[in-house]
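*Asks:* My structure is stored as start.cif, with mmCIF, C-alpha atoms, pLDDT in the B column; chains and numbers go by the auth columns.
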data_protein
loop_
_atom_site.group_PDB
_atom_site.id
_atom_site.type_symbol
_atom_site.label_atom_id
_atom_site.label_comp_id
_atom_site.label_asym_id
_atom_site.label_seq_id
_atom_site.Cartn_x
_atom_site.Cartn_y
_atom_site.Cartn_z
_atom_site.B_iso_or_equiv
_atom_site.auth_seq_id
_atom_site.auth_asym_id
ATOM 1 C CA MET A 1 49.267 23.011 172.152 33.00 1 X
ATOM 2 C CA LYS A 2 47.021 22.175 169.198 41.00 2 X
ATOM 3 C CA LYS A 3 43.966 24.437 169.026 43.00 3 X
ATOM 4 C CA SER A 4 40.566 22.967 169.805 50.00 4 X
ATOM 5 C CA PRO A 5 38.783 21.870 166.595 56.00 5 X
ATOM 6 C CA LEU A 6 35.500 23.003 168.165 59.00 6 X
ATOM 7 C CA LEU A 7 36.870 26.453 168.938 60.00 7 X
ATOM 8 C CA SER A 8 38.367 26.722 165.444 64.00 8 X
ATOM 9 C CA MET A 9 35.029 25.752 163.877 63.00 9 X
ATOM 10 C CA ILE A 10 33.134 28.308 165.963 64.00 10 X
ATOM 11 C CA ARG A 11 35.594 31.056 165.058 68.00 11 X
ATOM 12 C CA ALA A 12 35.406 30.120 161.373 67.00 12 X
ATOM 13 C CA GLY A 13 31.616 30.091 161.516 67.00 13 X
ATOM 14 C CA LYS A 14 31.416 33.485 163.209 71.00 14 X
ATOM 15 C CA GLY A 15 33.984 34.936 160.826 67.00 15 X
ATOM 16 C CA THR A 16 32.005 33.729 157.829 75.00 16 X
ATOM 17 C CA ARG A 17 28.520 34.621 159.056 71.00 17 X
ATOM 18 C CA ASP A 18 28.570 38.294 158.074 73.00 18 X
ATOM 19 C CA LEU A 19 29.940 37.438 154.610 76.00 19 X
ATOM 20 C CA LEU A 20 27.065 35.109 153.683 81.00 20 X
ATOM 21 C CA PRO A 21 24.297 36.407 151.405 81.00 21 X
ATOM 22 C CA PRO A 22 20.791 35.282 152.402 79.00 22 X
ATOM 23 C CA ASP A 23 20.673 32.446 149.867 84.00 23 X
ATOM 24 C CA THR A 24 24.127 30.986 150.616 89.00 24 X
ATOM 25 C CA ALA A 25 24.135 27.376 151.813 91.00 25 X
ATOM 26 C CA VAL A 26 26.639 25.926 154.281 91.00 26 X
ATOM 27 C CA LEU A 27 27.818 22.323 154.009 92.00 27 X
ATOM 28 C CA SER A 28 29.926 20.753 156.749 88.00 28 X
ATOM 29 C CA LEU A 29 31.706 17.448 156.133 90.00 29 X
ATOM 30 C CA GLN A 30 33.343 17.117 159.548 86.00 30 X
ATOM 31 C CA ASN A 31 33.389 13.944 161.606 86.00 31 X
ATOM 32 C CA GLY A 32 30.863 13.389 164.360 91.00 32 X
ATOM 33 C CA VAL A 33 27.161 14.114 164.822 95.00 33 X
ATOM 34 C CA GLU A 34 27.276 17.533 166.523 91.00 34 X
ATOM 35 C CA CYS A 35 28.923 19.942 164.083 87.00 35 X
ATOM 36 C CA ASP A 36 25.792 20.835 162.093 91.00 36 X
ATOM 37 C CA ASP A 37 23.917 21.857 165.243 90.00 37 X
ATOM 38 C CA ILE A 38 26.852 24.010 166.344 88.00 38 X
ATOM 39 C CA LEU A 39 27.146 25.708 162.944 88.00 39 X
ATOM 40 C CA ALA A 40 23.367 26.153 162.645 90.00 40 X
ATOM 41 C CA ASP A 41 23.401 28.215 165.835 88.00 41 X
ATOM 42 C CA ILE A 42 25.990 30.492 164.220 88.00 42 X
ATOM 43 C CA VAL A 43 24.968 30.836 160.559 87.00 43 X
ATOM 44 C CA GLY A 44 21.275 29.909 160.798 88.00 44 X
ATOM 45 C CA CYS A 45 19.409 26.633 160.385 90.00 45 X
ATOM 46 C CA ASP A 46 18.021 27.644 156.982 91.00 46 X
ATOM 47 C CA ARG A 47 21.529 27.804 155.500 92.00 47 X
ATOM 48 C CA MET A 48 22.632 24.330 156.571 94.00 48 X
ATOM 49 C CA ILE A 49 22.914 21.362 154.222 96.00 49 X
ATOM 50 C CA GLY A 50 23.564 17.972 155.767 96.00 50 X
ATOM 51 C CA GLY A 51 26.496 16.040 154.396 96.00 51 X
ATOM 52 C CA VAL A 52 28.874 13.154 154.943 94.00 52 X
ATOM 53 C CA ALA A 53 32.270 12.418 153.400 92.00 53 X
ATOM 54 C CA PHE A 54 33.157 8.740 153.200 87.00 54 X
ATOM 55 C CA ILE A 55 36.937 8.723 152.858 82.00 55 X
ATOM 56 C CA ALA A 56 39.954 7.592 154.827 72.00 56 X
ATOM 57 C CA SER A 57 42.779 10.124 154.675 73.00 57 X
ATOM 58 C CA SER A 58 45.559 11.729 156.645 71.00 58 X
ATOM 59 C CA ILE A 59 47.897 14.698 156.362 73.00 59 X
ATOM 60 C CA ASP A 60 50.975 13.127 154.783 77.00 60 X
ATOM 61 C CA ARG A 61 52.923 16.389 154.985 80.00 61 X
ATOM 62 C CA PRO A 62 51.985 20.067 154.874 83.00 62 X
ATOM 63 C CA GLY A 63 49.801 20.646 151.830 86.00 63 X
ATOM 64 C CA VAL A 64 49.530 16.949 150.943 87.00 64 X
ATOM 65 C CA ILE A 65 46.567 14.733 151.893 82.00 65 X
ATOM 66 C CA ALA A 66 47.076 10.985 151.603 81.00 66 X
ATOM 67 C CA HIS A 67 44.060 8.905 150.569 80.00 67 X
ATOM 68 C CA ILE A 68 43.995 5.612 152.488 70.00 68 X
ATOM 69 C CA GLY A 69 41.856 2.704 151.332 65.00 69 X
ATOM 70 C CA THR A 70 39.121 2.769 148.702 70.00 70 X
ATOM 71 C CA MET A 71 36.259 4.813 150.193 72.00 71 X
ATOM 72 C CA GLN A 72 35.692 8.130 148.372 83.00 72 X
ATOM 73 C CA ARG A 73 32.198 9.588 148.118 92.00 73 X
ATOM 74 C CA ILE A 74 30.058 12.435 149.443 96.00 74 X
ATOM 75 C CA VAL A 75 26.398 12.151 150.440 97.00 75 X
ATOM 76 C CA ILE A 76 24.215 15.239 150.903 97.00 76 X
ATOM 77 C CA GLY A 77 20.604 16.024 151.782 97.00 77 X
ATOM 78 C CA GLU A 78 18.267 18.502 153.409 97.00 78 X
ATOM 79 C CA PRO A 79 18.565 18.385 157.224 95.00 79 X
ATOM 80 C CA ALA A 80 14.841 17.648 157.516 93.00 80 X
ATOM 81 C CA GLY A 81 15.093 14.893 154.905 94.00 81 X
ATOM 82 C CA GLY A 82 14.953 14.496 151.150 92.00 82 X
ATOM 83 C CA SER A 83 16.153 16.726 148.357 95.00 83 X
ATOM 84 C CA SER A 84 15.416 20.255 147.118 96.00 84 X
ATOM 85 C CA PRO A 85 16.449 22.480 144.207 96.00 85 X
ATOM 86 C CA ARG A 86 19.590 23.610 146.046 96.00 86 X
ATOM 87 C CA ILE A 87 20.519 20.005 146.868 97.00 87 X
ATOM 88 C CA ASP A 88 20.015 19.043 143.216 97.00 88 X
ATOM 89 C CA ARG A 89 22.249 21.928 142.108 96.00 89 X
ATOM 90 C CA LEU A 90 25.006 21.007 144.548 97.00 90 X
ATOM 91 C CA HIS A 91 24.761 17.355 143.574 97.00 91 X
ATOM 92 C CA ALA A 92 25.111 18.250 139.888 97.00 92 X
ATOM 93 C CA ALA A 93 28.100 20.519 140.616 97.00 93 X
ATOM 94 C CA LEU A 94 29.860 17.764 142.555 96.00 94 X
ATOM 95 C CA ARG A 95 29.234 15.165 139.865 96.00 95 X
ATOM 96 C CA ASN A 96 30.380 17.561 137.122 96.00 96 X
ATOM 97 C CA ALA A 97 33.616 18.065 139.078 94.00 97 X
ATOM 98 C CA GLY A 98 34.231 14.315 139.096 92.00 98 X
ATOM 99 C CA VAL A 99 33.195 13.770 142.721 92.00 99 X
ATOM 100 C CA ALA A 100 31.268 10.598 143.552 94.00 100 X
ATOM 101 C CA ALA A 101 28.188 12.204 145.096 96.00 101 X
ATOM 102 C CA GLU A 102 24.779 10.938 146.179 97.00 102 X
ATOM 103 C CA ILE A 103 21.592 12.413 147.644 97.00 103 X
ATOM 104 C CA SER A 104 20.208 10.832 150.821 97.00 104 X
ATOM 105 C CA ASP A 105 16.505 10.741 151.591 96.00 105 X
ATOM 106 C CA ASP A 106 17.407 10.828 155.318 97.00 106 X
ATOM 107 C CA ILE A 107 20.717 12.619 155.822 97.00 107 X
ATOM 108 C CA GLN A 108 20.509 12.382 159.619 96.00 108 X
ATOM 109 C CA ARG A 109 20.423 8.608 159.329 97.00 109 X
ATOM 110 C CA THR A 110 23.304 8.719 156.833 97.00 110 X
ATOM 111 C CA ILE A 111 25.392 10.848 159.208 97.00 111 X
ATOM 112 C CA TRP A 112 24.812 8.303 161.971 98.00 112 X
ATOM 113 C CA GLU A 113 25.540 5.396 159.632 97.00 113 X
ATOM 114 C CA LYS A 114 28.997 6.811 159.093 96.00 114 X
ATOM 115 C CA PHE A 115 29.314 7.653 162.788 97.00 115 X
ATOM 116 C CA VAL A 116 28.659 4.032 163.817 98.00 116 X
ATOM 117 C CA PHE A 117 31.526 2.675 161.748 97.00 117 X
ATOM 118 C CA LEU A 118 33.805 5.622 162.507 96.00 118 X
ATOM 119 C CA ILE A 119 33.370 4.967 166.230 98.00 119 X
ATOM 120 C CA GLY A 120 34.406 1.340 165.845 98.00 120 X
ATOM 121 C CA LEU A 121 37.316 2.013 163.489 97.00 121 X
ATOM 122 C CA SER A 122 38.770 4.976 165.388 97.00 122 X
ATOM 123 C CA ALA A 123 38.374 3.366 168.810 98.00 123 X
ATOM 124 C CA THR A 124 39.982 0.054 167.948 98.00 124 X
ATOM 125 C CA THR A 125 42.786 1.193 165.650 98.00 125 X
ATOM 126 C CA THR A 126 43.842 3.922 168.093 98.00 126 X
ATOM 127 C CA MET A 127 43.625 1.912 171.297 97.00 127 X
ATOM 128 C CA MET A 128 45.201 -1.199 169.743 97.00 128 X
ATOM 129 C CA ARG A 129 47.682 0.757 167.618 97.00 129 X
ATOM 130 C CA THR A 130 47.150 -1.344 164.529 97.00 130 X
ATOM 131 C CA THR A 131 45.118 -1.513 161.319 97.00 131 X
ATOM 132 C CA ILE A 132 41.703 -3.033 160.757 97.00 132 X
ATOM 133 C CA GLY A 133 43.109 -6.353 159.477 98.00 133 X
ATOM 134 C CA PRO A 134 44.517 -7.735 162.739 98.00 134 X
ATOM 135 C CA ILE A 135 41.573 -6.314 164.687 98.00 135 X
ATOM 136 C CA ARG A 136 38.879 -8.093 162.689 98.00 136 X
ATOM 137 C CA GLU A 137 40.850 -11.347 162.622 98.00 137 X
ATOM 138 C CA ASP A 138 41.265 -11.732 166.390 98.00 138 X
ATOM 139 C CA PRO A 139 38.091 -12.892 168.227 98.00 139 X
ATOM 140 C CA ASP A 140 38.597 -10.595 171.220 98.00 140 X
ATOM 141 C CA SER A 141 39.379 -7.394 169.312 98.00 141 X
ATOM 142 C CA ARG A 142 36.641 -8.247 166.790 98.00 142 X
ATOM 143 C CA ALA A 143 34.118 -8.453 169.645 98.00 143 X
ATOM 144 C CA PHE A 144 35.379 -5.109 170.999 98.00 144 X
ATOM 145 C CA LEU A 145 34.894 -3.521 167.561 98.00 145 X
ATOM 146 C CA HIS A 146 31.413 -4.992 167.292 98.00 146 X
ATOM 147 C CA ASP A 147 30.387 -3.846 170.776 98.00 147 X
ATOM 148 C CA ALA A 148 31.627 -0.280 170.212 98.00 148 X
ATOM 149 C CA MET A 149 29.417 -0.064 167.144 98.00 149 X
ATOM 150 C CA ARG A 150 26.432 -1.758 168.812 98.00 150 X
ATOM 151 C CA GLU A 151 26.492 0.816 171.608 98.00 151 X
ATOM 152 C CA THR A 152 26.531 3.615 169.044 98.00 152 X
ATOM 153 C CA VAL A 153 23.562 2.113 167.214 98.00 153 X
ATOM 154 C CA ALA A 154 21.644 1.847 170.493 98.00 154 X
ATOM 155 C CA VAL A 155 22.340 5.502 171.309 98.00 155 X
ATOM 156 C CA GLY A 156 21.367 6.642 167.830 98.00 156 X
ATOM 157 C CA ARG A 157 18.100 4.709 167.940 98.00 157 X
ATOM 158 C CA ALA A 158 17.346 6.176 171.364 98.00 158 X
ATOM 159 C CA ARG A 159 17.763 9.624 169.802 98.00 159 X
ATOM 160 C CA GLY A 160 15.209 8.774 167.131 97.00 160 X
ATOM 161 C CA ILE A 161 17.602 7.936 164.291 98.00 161 X
ATOM 162 C CA ALA A 162 16.176 5.284 161.937 97.00 162 X
ATOM 163 C CA LEU A 163 19.038 2.804 162.234 98.00 163 X
ATOM 164 C CA PRO A 164 18.224 -0.922 161.995 98.00 164 X
ATOM 165 C CA ALA A 165 18.668 -2.706 165.329 97.00 165 X
ATOM 166 C CA ASP A 166 21.261 -5.027 163.733 97.00 166 X
ATOM 167 C CA TYR A 167 23.158 -2.275 161.907 98.00 167 X
ATOM 168 C CA ALA A 168 26.378 -3.043 163.803 98.00 168 X
ATOM 169 C CA ASP A 169 26.311 -6.527 162.241 98.00 169 X
ATOM 170 C CA ASP A 170 26.140 -4.903 158.814 98.00 170 X
ATOM 171 C CA ARG A 171 29.131 -2.668 159.612 98.00 171 X
ATOM 172 C CA LEU A 172 31.150 -5.598 160.915 98.00 172 X
ATOM 173 C CA ALA A 173 30.593 -7.375 157.600 98.00 173 X
ATOM 174 C CA PHE A 174 31.600 -4.147 155.849 96.00 174 X
ATOM 175 C CA ALA A 175 34.844 -4.091 157.859 96.00 175 X
ATOM 176 C CA ASP A 176 35.647 -7.580 156.594 97.00 176 X
ATOM 177 C CA GLY A 177 35.795 -6.248 153.050 94.00 177 X
ATOM 178 C CA LEU A 178 38.178 -3.358 153.705 91.00 178 X
ATOM 179 C CA PRO A 179 41.904 -3.378 152.897 90.00 179 X
ATOM 180 C CA HIS A 180 43.940 -5.120 155.603 94.00 180 X
ATOM 181 C CA ASP A 181 46.049 -1.999 156.215 92.00 181 X
ATOM 182 C CA MET A 182 43.199 0.506 156.504 90.00 182 X
ATOM 183 C CA THR A 183 43.215 2.583 159.663 90.00 183 X
ATOM 184 C CA SER A 184 41.674 5.805 161.022 91.00 184 X
ATOM 185 C CA SER A 185 42.753 9.428 161.060 87.00 185 X
ATOM 186 C CA MET A 186 42.654 9.340 164.859 93.00 186 X
ATOM 187 C CA HIS A 187 45.141 6.452 164.828 94.00 187 X
ATOM 188 C CA HIS A 188 47.427 8.541 162.624 88.00 188 X
ATOM 189 C CA ASP A 189 47.083 11.477 165.025 89.00 189 X
ATOM 190 C CA PHE A 190 47.942 9.229 167.958 93.00 190 X
ATOM 191 C CA GLU A 191 51.035 7.861 166.236 93.00 191 X
ATOM 192 C CA ARG A 192 52.214 11.392 165.460 89.00 192 X
ATOM 193 C CA GLY A 193 51.589 12.730 168.941 91.00 193 X
ATOM 194 C CA ASN A 194 48.717 14.989 167.894 88.00 194 X
ATOM 195 C CA ARG A 195 45.676 15.763 170.012 89.00 195 X
ATOM 196 C CA LEU A 196 42.805 13.348 169.429 93.00 196 X
ATOM 197 C CA GLU A 197 39.180 13.867 168.362 92.00 197 X
ATOM 198 C CA VAL A 198 37.965 11.155 170.744 95.00 198 X
ATOM 199 C CA GLY A 199 35.825 13.680 172.620 94.00 199 X
ATOM 200 C CA TRP A 200 33.667 14.111 169.499 92.00 200 X
ATOM 201 C CA LEU A 201 33.606 10.380 168.804 96.00 201 X
ATOM 202 C CA SER A 202 33.419 7.882 171.693 98.00 202 X
ATOM 203 C CA GLY A 203 33.050 10.812 174.092 96.00 203 X
ATOM 204 C CA THR A 204 29.848 11.855 172.314 96.00 204 X
ATOM 205 C CA VAL A 205 28.473 8.302 172.516 98.00 205 X
ATOM 206 C CA VAL A 206 29.160 8.299 176.261 98.00 206 X
ATOM 207 C CA ARG A 207 27.533 11.707 176.866 97.00 207 X
ATOM 208 C CA TYR A 208 24.477 10.918 174.780 98.00 208 X
ATOM 209 C CA GLY A 209 24.202 7.489 176.389 98.00 209 X
ATOM 210 C CA ARG A 210 24.231 8.960 179.884 98.00 210 X
ATOM 211 C CA ALA A 211 21.533 11.463 178.975 98.00 211 X
ATOM 212 C CA LEU A 212 19.343 8.747 177.471 98.00 212 X
ATOM 213 C CA GLY A 213 20.018 5.974 179.977 98.00 213 X
ATOM 214 C CA VAL A 214 21.767 3.793 177.367 98.00 214 X
ATOM 215 C CA PRO A 215 24.800 1.844 178.691 98.00 215 X
ATOM 216 C CA THR A 216 28.030 2.467 176.745 98.00 216 X
ATOM 217 C CA PRO A 217 30.769 0.595 178.661 98.00 217 X
ATOM 218 C CA VAL A 218 33.043 -0.036 175.674 98.00 218 X
ATOM 219 C CA ASN A 219 33.001 3.575 174.518 98.00 219 X
ATOM 220 C CA GLN A 220 33.414 4.685 178.125 98.00 220 X
ATOM 221 C CA ALA A 221 36.604 2.608 178.293 98.00 221 X
ATOM 222 C CA VAL A 222 37.844 4.060 174.997 98.00 222 X
ATOM 223 C CA TYR A 223 37.157 7.609 176.131 97.00 223 X
ATOM 224 C CA ALA A 224 38.732 7.087 179.560 97.00 224 X
ATOM 225 C CA VAL A 225 41.909 5.610 178.074 96.00 225 X
ATOM 226 C CA LEU A 226 42.344 8.172 175.285 96.00 226 X
ATOM 227 C CA LYS A 227 40.986 11.263 177.052 94.00 227 X
ATOM 228 C CA PRO A 228 44.441 12.421 178.258 92.00 228 X
ATOM 229 C CA LYS A 229 45.356 12.815 174.585 87.00 229 X
ATOM 230 C CA ALA A 230 42.085 14.455 173.579 84.00 230 X
ATOM 231 C CA ALA A 231 41.791 17.932 172.125 70.00 231 X
ATOM 232 C CA PRO A 232 39.799 20.222 174.450 64.00 232 X
ATOM 233 C CA ARG A 233 36.149 20.679 173.479 57.00 233 X
ATOM 234 C CA GLY A 234 36.205 24.441 173.726 49.00 234 X
#
Take the structure in this file and express it as C-alpha cells.
*Replies:*
Amino acid sequence: MKKSPLLSMIRAGKGTRDLLPPDTAVLSLQNGVECDDILADIVGCDRMIGGVAFIASSIDRPGVIAHIGTMQRIVIGEPAGGSSPRIDRLHAALRNAGVAAEISDDIQRTIWEKFVFLIGLSATTTMMRTTIGPIREDPDSRAFLHDAMRETVAVGRARGIALPADYADDRLAFADGLPHDMTSSMHHDFERGNRLEVGWLSGTVVRYGRALGVPTPVNQAVYAVLKPKAAPRG
C-alpha cells in the first residue's frame, strides 16, 4: 500500500528538525491548505515561509516529471503577509535560477486562490475521467466544476481568507483559457491505480465546511465517491 503523504511529511519534518540552524527557513509547496500548519508544529512557526507552486505535472516514469499545460510559477510570502529580507533573498535566488517567481502581499489568500481552482480541476477530471476541455464545454459538468469552486470560496471566506465573493466566476473564466487536454495530478493517480489525495482536497473543504456551518454538497459527493481510493490521512 502507498504510504500516507501526511505521515511521510511528518516523518520528513521530524527528521529535518534537528538539522536546521536557527536561521534556516522552510518552504513547502505541497497541495492543499493544511501542510504549513502541520510543518509549523514540527519545525517552528518562525521558520515557515508560505508558498504556492502553479504547475500541472505528473510522474511520467521514475526520475522523470512531465510538465502538463502552460502554468509554471512559484509565489512566496511571509505567513503573516508581505515580504521581508529573507523573502527578498529567496525571490532573487529563484529568479536567478530561471524560475518564474513572485512575492505575494497576502500568501494565505494566494494559497487559497490556488486551492479553489485545484479543488474544481481535481474533482471533475478525476470523477469524470477526462480532461478540462470536455468538462467546461458540457453545461452539466461545467456547472459541477463551478459549484465545487464556489463551495471552496465560501469556506475560505468563512475562515477569514480575503477571497472575492465571485472568485469562482474568475476561475471558471480561467479554465476556459487552459489547454483542452489539461488535467490534474489526482486524475493521473486515479488512472494509474494510485492512492488519491482527495482527503486533503475536497475532504478538507467538507471538514472545514462542517466546522463552520457552510454547506458543501458537491465536494461531499466528490469525497464520498473517491474516498475508497484515498490515501490515509495518518
*Asks:* Near Leu118 of chain X, within 12 Å and counting only C-alpha atoms, which residues show up once chain neighbours fewer than 6 positions away are dropped, as a VMD selection string?
*Replies:* chain X and resid 30 to 33 52 to 56 111 to 112 124 to 126 132 145 to 146 148 to 149 152 to 153 168 171 to 172 175 183 to 187 197 to 198 200 to 202 205
*Asks:* Could you work out how far atom CA of Leu121 of chain X lies from atom CA of Val222 of chain X, giving the answer in Å with one decimal?
*Replies:*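 Rounded to one decimal, the two atoms are 11.7 Å apart.
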*Asks:* At what distance in Å, to one decimal, does atom CA of Thr70 of chain X lie from atom CA of Asp140 of chain X?
*Replies:* 26.2 Å
*Asks:* How would you write, as a list in words, the residues chosen by the PyMOL selection byres ((chain X and resi 178-182) around 7) on this structure?
*Replies:*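 Given this file, the PyMOL selection byres ((chain X and resi 178-182) around 7) evaluates to Ile68, Gly69, Thr131, Ile132, Gly133, Phe174, Ala175, Asp176, Gly177 and Thr183 of chain X.
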*Asks:* How many Å lie between atom CA of Leu27 of chain X and atom CA of Ser57 of chain X, rounded to one decimal?
*Replies:*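 Between atom CA of Leu27 of chain X and atom CA of Ser57 of chain X the gap is 19.3 Å.
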*Asks:* Convert the output of the PyMOL selection byres ((chain X and resi 51) around 9) on the shown file into explicit residues, formatted as a CSV table (one decimal) with C-alpha atoms, in the frame of the given file.
*Replies:*
chain,number,residue,atom,x,y,z
X,27,LEU,CA,27.8,22.3,154.0
X,28,SER,CA,29.9,20.8,156.7
X,29,LEU,CA,31.7,17.4,156.1
X,30,GLN,CA,33.3,17.1,159.5
X,49,ILE,CA,22.9,21.4,154.2
X,50,GLY,CA,23.6,18.0,155.8
X,52,VAL,CA,28.9,13.2,154.9
X,53,ALA,CA,32.3,12.4,153.4
X,74,ILE,CA,30.1,12.4,149.4
X,75,VAL,CA,26.4,12.2,150.4
X,76,ILE,CA,24.2,15.2,150.9
X,77,GLY,CA,20.6,16.0,151.8
X,78,GLU,CA,18.3,18.5,153.4
X,79,PRO,CA,18.6,18.4,157.2
X,104,SER,CA,20.2,10.8,150.8
X,107,ILE,CA,20.7,12.6,155.8
X,108,GLN,CA,20.5,12.4,159.6
X,110,THR,CA,23.3,8.7,156.8
X,111,ILE,CA,25.4,10.8,159.2
*Asks:* Can you pull out every residue within 8 Å of segment 159-167 of chain X, counting all atoms listed in the file, but drop anything in the same chain fewer than 2 positions away, and send it as a VMD selection string?
*Replies:* chain X and resid 108 to 109 112 to 113 150 153 to 157 169 to 171 212
*Asks:* Could those selected residues go to a file with C-alpha atoms, as a PDB file, in the frame of the given file?
*Replies:*
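Once everything was written out, this is out.pdb:
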ATOM      1  CA  GLN X 108      20.509  12.382 159.619  1.00 96.00           C
ATOM      2  CA  ARG X 109      20.423   8.608 159.329  1.00 97.00           C
ATOM      3  CA  TRP X 112      24.812   8.303 161.971  1.00 98.00           C
ATOM      4  CA  GLU X 113      25.540   5.396 159.632  1.00 97.00           C
ATOM      5  CA  ARG X 150      26.432  -1.758 168.812  1.00 98.00           C
ATOM      6  CA  VAL X 153      23.562   2.113 167.214  1.00 98.00           C
ATOM      7  CA  ALA X 154      21.644   1.847 170.493  1.00 98.00           C
ATOM      8  CA  VAL X 155      22.340   5.502 171.309  1.00 98.00           C
ATOM      9  CA  GLY X 156      21.367   6.642 167.830  1.00 98.00           C
ATOM     10  CA  ARG X 157      18.100   4.709 167.940  1.00 98.00           C
ATOM     11  CA  ASP X 169      26.311  -6.527 162.241  1.00 98.00           C
ATOM     12  CA  ASP X 170      26.140  -4.903 158.814  1.00 98.00           C
ATOM     13  CA  ARG X 171      29.131  -2.668 159.612  1.00 98.00           C
ATOM     14  CA  LEU X 212      19.343   8.747 177.471  1.00 98.00           C
TER      15      LEU X 212
END
*Asks:* Quick one: residues within 12 Å of Gly98 of chain X, only C-alpha atoms counted, chain neighbours fewer than 5 positions away excluded, as a PyMOL selection string?
*Replies:* chain X and resi 72-74+91-93
*Asks:* Point out the residue among X:Ile65, X:Ala123, X:Leu90, X:Ala158 with the least atom-to-atom distance to Gly209 of chain X, counting only C-alpha atoms.
*Replies:*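 Selected residue with least distance to Gly209 of chain X: X:Ala158.
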*Asks:* Within 8 Å of Asp105 of chain X, counting only C-alpha atoms, which residues show up once you throw out same-chain ones fewer than 6 positions away? Write them as a list in words, please.
*Replies:*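 Once the nearby chain positions are removed, what remains is Gly77, Gly81, Gly82 and Ser83 of chain X.
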*Asks:* Could those residues be written to a file, using C-alpha atoms, as a PDB file, in the coordinates of the input?
*Replies:*
ATOM      1  CA  GLY X  77      20.604  16.024 151.782  1.00 97.00           C
ATOM      2  CA  GLY X  81      15.093  14.893 154.905  1.00 94.00           C
ATOM      3  CA  GLY X  82      14.953  14.496 151.150  1.00 92.00           C
ATOM      4  CA  SER X  83      16.153  16.726 148.357  1.00 95.00           C
TER       5      SER X  83
END
*Asks:* Where does the PyMOL selection byres ((chain X and resi 43) around 12) land in this file, that is, which residues does it pick, as a PyMOL selection string?
*Replies:* chain X and resi 9-28+36-42+44-49
*Asks:* Counting only C-alpha atoms, which residue out of X:Ser141, X:Ser84, X:Thr130, X:Asn194 sits closest to Val218 of chain X?
*Replies:*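 Closest to Val218 of chain X, using only C-alpha atoms: X:Ser141.
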*Asks:* Generate a file for segment 196-212 of chain X, containing N, CA and C atoms, as a short mmCIF file (atom, residue, chain, number, x, y, z; two decimals), in the first residue's frame.
*Replies:*
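Result went into selection05.cif, see below:
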data_model
loop_
_atom_site.label_atom_id
_atom_site.label_comp_id
_atom_site.auth_asym_id
_atom_site.auth_seq_id
_atom_site.Cartn_x
_atom_site.Cartn_y
_atom_site.Cartn_z
N LEU X 196 -5.26 8.33 -3.76
CA LEU X 196 -5.62 9.69 -4.13
C LEU X 196 -5.47 10.68 -2.97
N GLU X 197 -5.21 11.93 -3.31
CA GLU X 197 -5.06 12.99 -2.31
C GLU X 197 -6.38 13.70 -2.03
N VAL X 198 -7.49 13.07 -2.35
CA VAL X 198 -8.79 13.72 -2.20
C VAL X 198 -9.09 14.11 -0.76
N GLY X 199 -8.53 13.39 0.20
CA GLY X 199 -8.74 13.75 1.60
C GLY X 199 -8.19 15.11 1.96
N TRP X 200 -7.14 15.55 1.26
CA TRP X 200 -6.54 16.87 1.50
C TRP X 200 -7.14 17.94 0.60
N LEU X 201 -7.99 17.51 -0.33
CA LEU X 201 -8.60 18.45 -1.27
C LEU X 201 -10.08 18.60 -0.94
N SER X 202 -10.96 17.91 -1.64
CA SER X 202 -12.40 18.02 -1.34
C SER X 202 -12.70 17.61 0.09
N GLY X 203 -11.96 16.64 0.63
CA GLY X 203 -12.17 16.23 2.01
C GLY X 203 -11.94 17.36 2.99
N THR X 204 -10.93 18.20 2.72
CA THR X 204 -10.68 19.36 3.58
C THR X 204 -11.82 20.36 3.49
N VAL X 205 -12.32 20.60 2.29
CA VAL X 205 -13.45 21.53 2.11
C VAL X 205 -14.65 21.04 2.92
N VAL X 206 -14.91 19.75 2.89
CA VAL X 206 -16.03 19.17 3.63
C VAL X 206 -15.83 19.34 5.13
N ARG X 207 -14.65 19.00 5.64
CA ARG X 207 -14.39 19.11 7.08
C ARG X 207 -14.47 20.55 7.57
N TYR X 208 -13.84 21.45 6.83
CA TYR X 208 -13.90 22.86 7.21
C TYR X 208 -15.34 23.37 7.14
N GLY X 209 -16.05 22.97 6.08
CA GLY X 209 -17.43 23.41 5.92
C GLY X 209 -18.31 22.97 7.08
N ARG X 210 -18.15 21.74 7.51
CA ARG X 210 -18.93 21.24 8.64
C ARG X 210 -18.62 22.04 9.91
N ALA X 211 -17.37 22.33 10.13
CA ALA X 211 -16.98 23.07 11.33
C ALA X 211 -17.52 24.49 11.33
N LEU X 212 -17.68 25.06 10.13
CA LEU X 212 -18.09 26.45 10.01
C LEU X 212 -19.57 26.62 9.68
#
